[in-house]
Amino acid sequence: MPPEARSRQLRQERAQAVRIVDLSRELYHRTPSYPGHPPIMHGTWKTHEEAFVESRNVYGLASMFISMPDHGGTHIDAPRHFGPSGIPINEYPLEKCIVPGICLDLRHIAPRAEITPSDLEAAVKTAGAPVPKGGTVLLCTGHHARTFPRKEYSTDNSGVNVAATEWLARQGIVHFGIDSMRPGPDSDVNLLVHKICLDLDITHIESLCNLEALLGQGQFTFIGLPMKWREGTASPIRAVAVFGL
């Protein structure tokens, strides 16, 4: 086989071996947003028919609009969210947005309960893959699958406590993610987790979904690129896990 043909075949084989798992919540009008934050508004700006008339019956280009908080949907918190000394999302290093990751099964943790360092240590052993240095750890609590989009989605999540957050940081991660609206349970613990993230120079990703599809699958490449919002405290991302990259 000629070298060019062989190279093309290898590229095709690699492309066929790549598998992408979507971890992002769908955005739609009035999708649940964090309590006290503005609602997500999504609607039609111009229909095909309206645009067709405006163009004197030449073409009809429909468009929609969206208004949302920077913490809407699946998103990554910028260090600026944690304190004024933190960098805004438009300055967040993109190198930290494409990193190796593993997913931990924490579905046995009760709603509203704290996830502790011992819980994480046991889950890593079960996962059969080490925490990747310079990577991410995604925490599958089952909260999204159990409660979304009911009102309990906004209140009943389990989450890491400060000690667990410190444990994650000691593993050398750049961020961690969770399938709920907040990294900690709905209490002062959650606020303290946010505060300690600034001190530890890590951040977190909230409102992930479909993490169950990653359990037992080993390491993957996590991709979650934020929008370049000037001085933003967070940004929605299209979070995916890629196998075979």
# chains A, B, ... in the order shown; residues from 1 in each chain; ligands from 1
>>> select_by_dssp(residues="segment 72-242 of chain A", states="alpha helix (DSSP H)", output="ChimeraX atom specification")
/A:79-82,117-127,143-147,162-170,188-200
>>> residues_around(residues="segment 139-152 of chain A", least_positions_apart="6", cutoff="7 Å", atoms="only C-alpha atoms", output="ChimeraX atom specification")
/A:32,103-107,177-180,209,211-212
>>> closest_atom_pairs(of="segment 200-242 of chain A", to="segment 16-29 of chain A", cutoff="9 Å", atoms="only C-alpha atoms", output="JSON lines")
{"residue": "A:Ser207", "atom": "CA", "partner": "A:Arg25", "partner_atom": "CA", "distance": 7.0}
{"residue": "A:Leu208", "atom": "CA", "partner": "A:Ser24", "partner_atom": "CA", "distance": 5.5}
{"residue": "A:Cys209", "atom": "CA", "partner": "A:Leu23", "partner_atom": "CA", "distance": 5.0}
{"residue": "A:Asn210", "atom": "CA", "partner": "A:Leu23", "partner_atom": "CA", "distance": 5.4}
{"residue": "A:Leu211", "atom": "CA", "partner": "A:Leu23", "partner_atom": "CA", "distance": 6.6}
{"residue": "A:Ala213", "atom": "CA", "partner": "A:Val21", "partner_atom": "CA", "distance": 7.5}
{"residue": "A:Leu214", "atom": "CA", "partner": "A:Val21", "partner_atom": "CA", "distance": 8.0}
{"residue": "A:Ile237", "atom": "CA", "partner": "A:Ser24", "partner_atom": "CA", "distance": 7.6}
{"residue": "A:Arg238", "atom": "CA", "partner": "A:Ser24", "partner_atom": "CA", "distance": 5.7}
{"residue": "A:Ala239", "atom": "CA", "partner": "A:Leu23", "partner_atom": "CA", "distance": 5.2}
{"residue": "A:Val240", "atom": "CA", "partner": "A:Asp22", "partner_atom": "CA", "distance": 4.7}
{"residue": "A:Ala241", "atom": "CA", "partner": "A:Val21", "partner_atom": "CA", "distance": 5.1}
{"residue": "A:Val242", "atom": "CA", "partner": "A:Ile20", "partner_atom": "CA", "distance": 4.5}
>>> write_last_selection(atoms="C-alpha atoms", output="PDB file, in the first residue's frame")
ATOM      1  CA  SER A 207     -24.435  21.207  36.119  1.00  0.00           C
ATOM      2  CA  LEU A 208     -22.835  18.355  34.210  1.00  0.00           C
ATOM      3  CA  CYS A 209     -25.030  15.453  33.161  1.00  0.00           C
ATOM      4  CA  ASN A 210     -24.731  11.945  31.723  1.00  0.00           C
ATOM      5  CA  LEU A 211     -21.743  11.145  33.919  1.00  0.00           C
ATOM      6  CA  ALA A 213     -21.903   6.871  30.853  1.00  0.00           C
ATOM      7  CA  LEU A 214     -18.291   7.400  31.994  1.00  0.00           C
ATOM      8  CA  ILE A 237     -19.330  25.281  28.169  1.00  0.00           C
ATOM      9  CA  ARG A 238     -20.054  22.357  25.877  1.00  0.00           C
ATOM     10  CA  ALA A 239     -18.511  19.692  28.078  1.00  0.00           C
ATOM     11  CA  VAL A 240     -17.546  16.384  26.478  1.00  0.00           C
ATOM     12  CA  ALA A 241     -15.500  13.319  27.349  1.00  0.00           C
ATOM     13  CA  VAL A 242     -13.520  11.894  24.438  1.00  0.00           C
TER      14      VAL A 242
END
>>> closest_residue(among="A:Gly224, A:Pro132, A:Gly218, A:Pro35", to="Asp77 of chain A", atoms="only C-alpha atoms")
A:Gly224
>>> closest_residue(among="A:Val174, A:Ile102, A:Val189, A:Met64", to="Ile76 of chain A", atoms="only C-alpha atoms")
A:Val174
>>> decode(residues="segment 62-73 of chain A", atoms="all heavy atoms", output="compact mmCIF listing (two decimals), in the first residue's frame")
# COMPACT_ATOMS: atom_id res chain seq x y z
N ALA A 62 -33.74 32.66 9.50
CA ALA A 62 -34.29 32.74 10.86
C ALA A 62 -33.17 32.95 11.88
O ALA A 62 -32.02 32.56 11.66
CB ALA A 62 -35.06 31.46 11.18
N SER A 63 -33.52 33.57 13.00
CA SER A 63 -32.55 33.74 14.09
C SER A 63 -33.30 33.73 15.42
O SER A 63 -34.50 33.99 15.48
CB SER A 63 -31.77 35.05 13.93
OG SER A 63 -32.65 36.16 13.86
N MET A 64 -32.55 33.40 16.49
CA MET A 64 -33.12 33.37 17.83
C MET A 64 -32.25 34.23 18.75
O MET A 64 -31.17 34.69 18.34
CB MET A 64 -33.20 31.92 18.34
CG MET A 64 -34.02 31.01 17.45
SD MET A 64 -34.27 29.36 18.14
CE MET A 64 -35.55 29.73 19.35
N PHE A 65 -32.72 34.46 19.97
CA PHE A 65 -31.94 35.20 20.95
C PHE A 65 -31.87 34.40 22.23
O PHE A 65 -32.71 33.54 22.50
CB PHE A 65 -32.55 36.58 21.23
CG PHE A 65 -33.83 36.51 22.02
CD1 PHE A 65 -33.83 36.56 23.40
CD2 PHE A 65 -35.06 36.38 21.36
CE1 PHE A 65 -35.00 36.49 24.13
CE2 PHE A 65 -36.24 36.30 22.08
CZ PHE A 65 -36.21 36.36 23.47
N ILE A 66 -30.84 34.69 23.03
CA ILE A 66 -30.72 34.04 24.33
C ILE A 66 -30.18 35.07 25.33
O ILE A 66 -29.30 35.86 25.02
CB ILE A 66 -29.81 32.80 24.27
CG1 ILE A 66 -29.85 32.06 25.62
CG2 ILE A 66 -28.38 33.15 23.87
CD1 ILE A 66 -29.29 30.66 25.55
N SER A 67 -30.78 35.09 26.51
CA SER A 67 -30.33 35.92 27.62
C SER A 67 -30.16 35.01 28.82
O SER A 67 -31.07 34.25 29.16
CB SER A 67 -31.36 37.02 27.91
OG SER A 67 -31.02 37.72 29.10
N MET A 68 -28.98 35.05 29.45
CA MET A 68 -28.73 34.10 30.53
C MET A 68 -27.61 34.61 31.43
O MET A 68 -26.78 35.44 31.02
CB MET A 68 -28.35 32.74 29.95
CG MET A 68 -27.05 32.75 29.14
SD MET A 68 -26.71 31.17 28.34
CE MET A 68 -26.51 30.09 29.75
N PRO A 69 -27.56 34.12 32.69
CA PRO A 69 -26.44 34.44 33.56
C PRO A 69 -25.20 33.68 33.11
O PRO A 69 -25.32 32.64 32.43
CB PRO A 69 -26.91 33.97 34.94
CG PRO A 69 -27.89 32.87 34.64
CD PRO A 69 -28.56 33.26 33.35
N ASP A 70 -24.03 34.16 33.49
CA ASP A 70 -22.82 33.44 33.08
C ASP A 70 -22.67 32.12 33.83
O ASP A 70 -21.83 31.30 33.45
CB ASP A 70 -21.56 34.31 33.20
CG ASP A 70 -21.33 34.91 34.58
OD1 ASP A 70 -22.13 34.66 35.49
OD2 ASP A 70 -20.34 35.65 34.73
N HIS A 71 -23.47 31.91 34.84
CA HIS A 71 -23.49 30.62 35.55
C HIS A 71 -24.67 29.75 35.10
O HIS A 71 -25.10 28.86 35.84
CB HIS A 71 -23.57 30.85 37.06
CG HIS A 71 -22.34 31.48 37.64
ND1 HIS A 71 -21.35 30.76 38.28
CD2 HIS A 71 -21.93 32.77 37.65
CE1 HIS A 71 -20.39 31.58 38.66
NE2 HIS A 71 -20.73 32.81 38.30
N GLY A 72 -25.20 29.98 33.91
CA GLY A 72 -26.34 29.21 33.42
C GLY A 72 -25.92 27.91 32.78
O GLY A 72 -24.87 27.81 32.14
N GLY A 73 -26.74 26.89 32.96
CA GLY A 73 -26.48 25.60 32.33
C GLY A 73 -25.17 24.98 32.79
O GLY A 73 -24.64 25.30 33.87
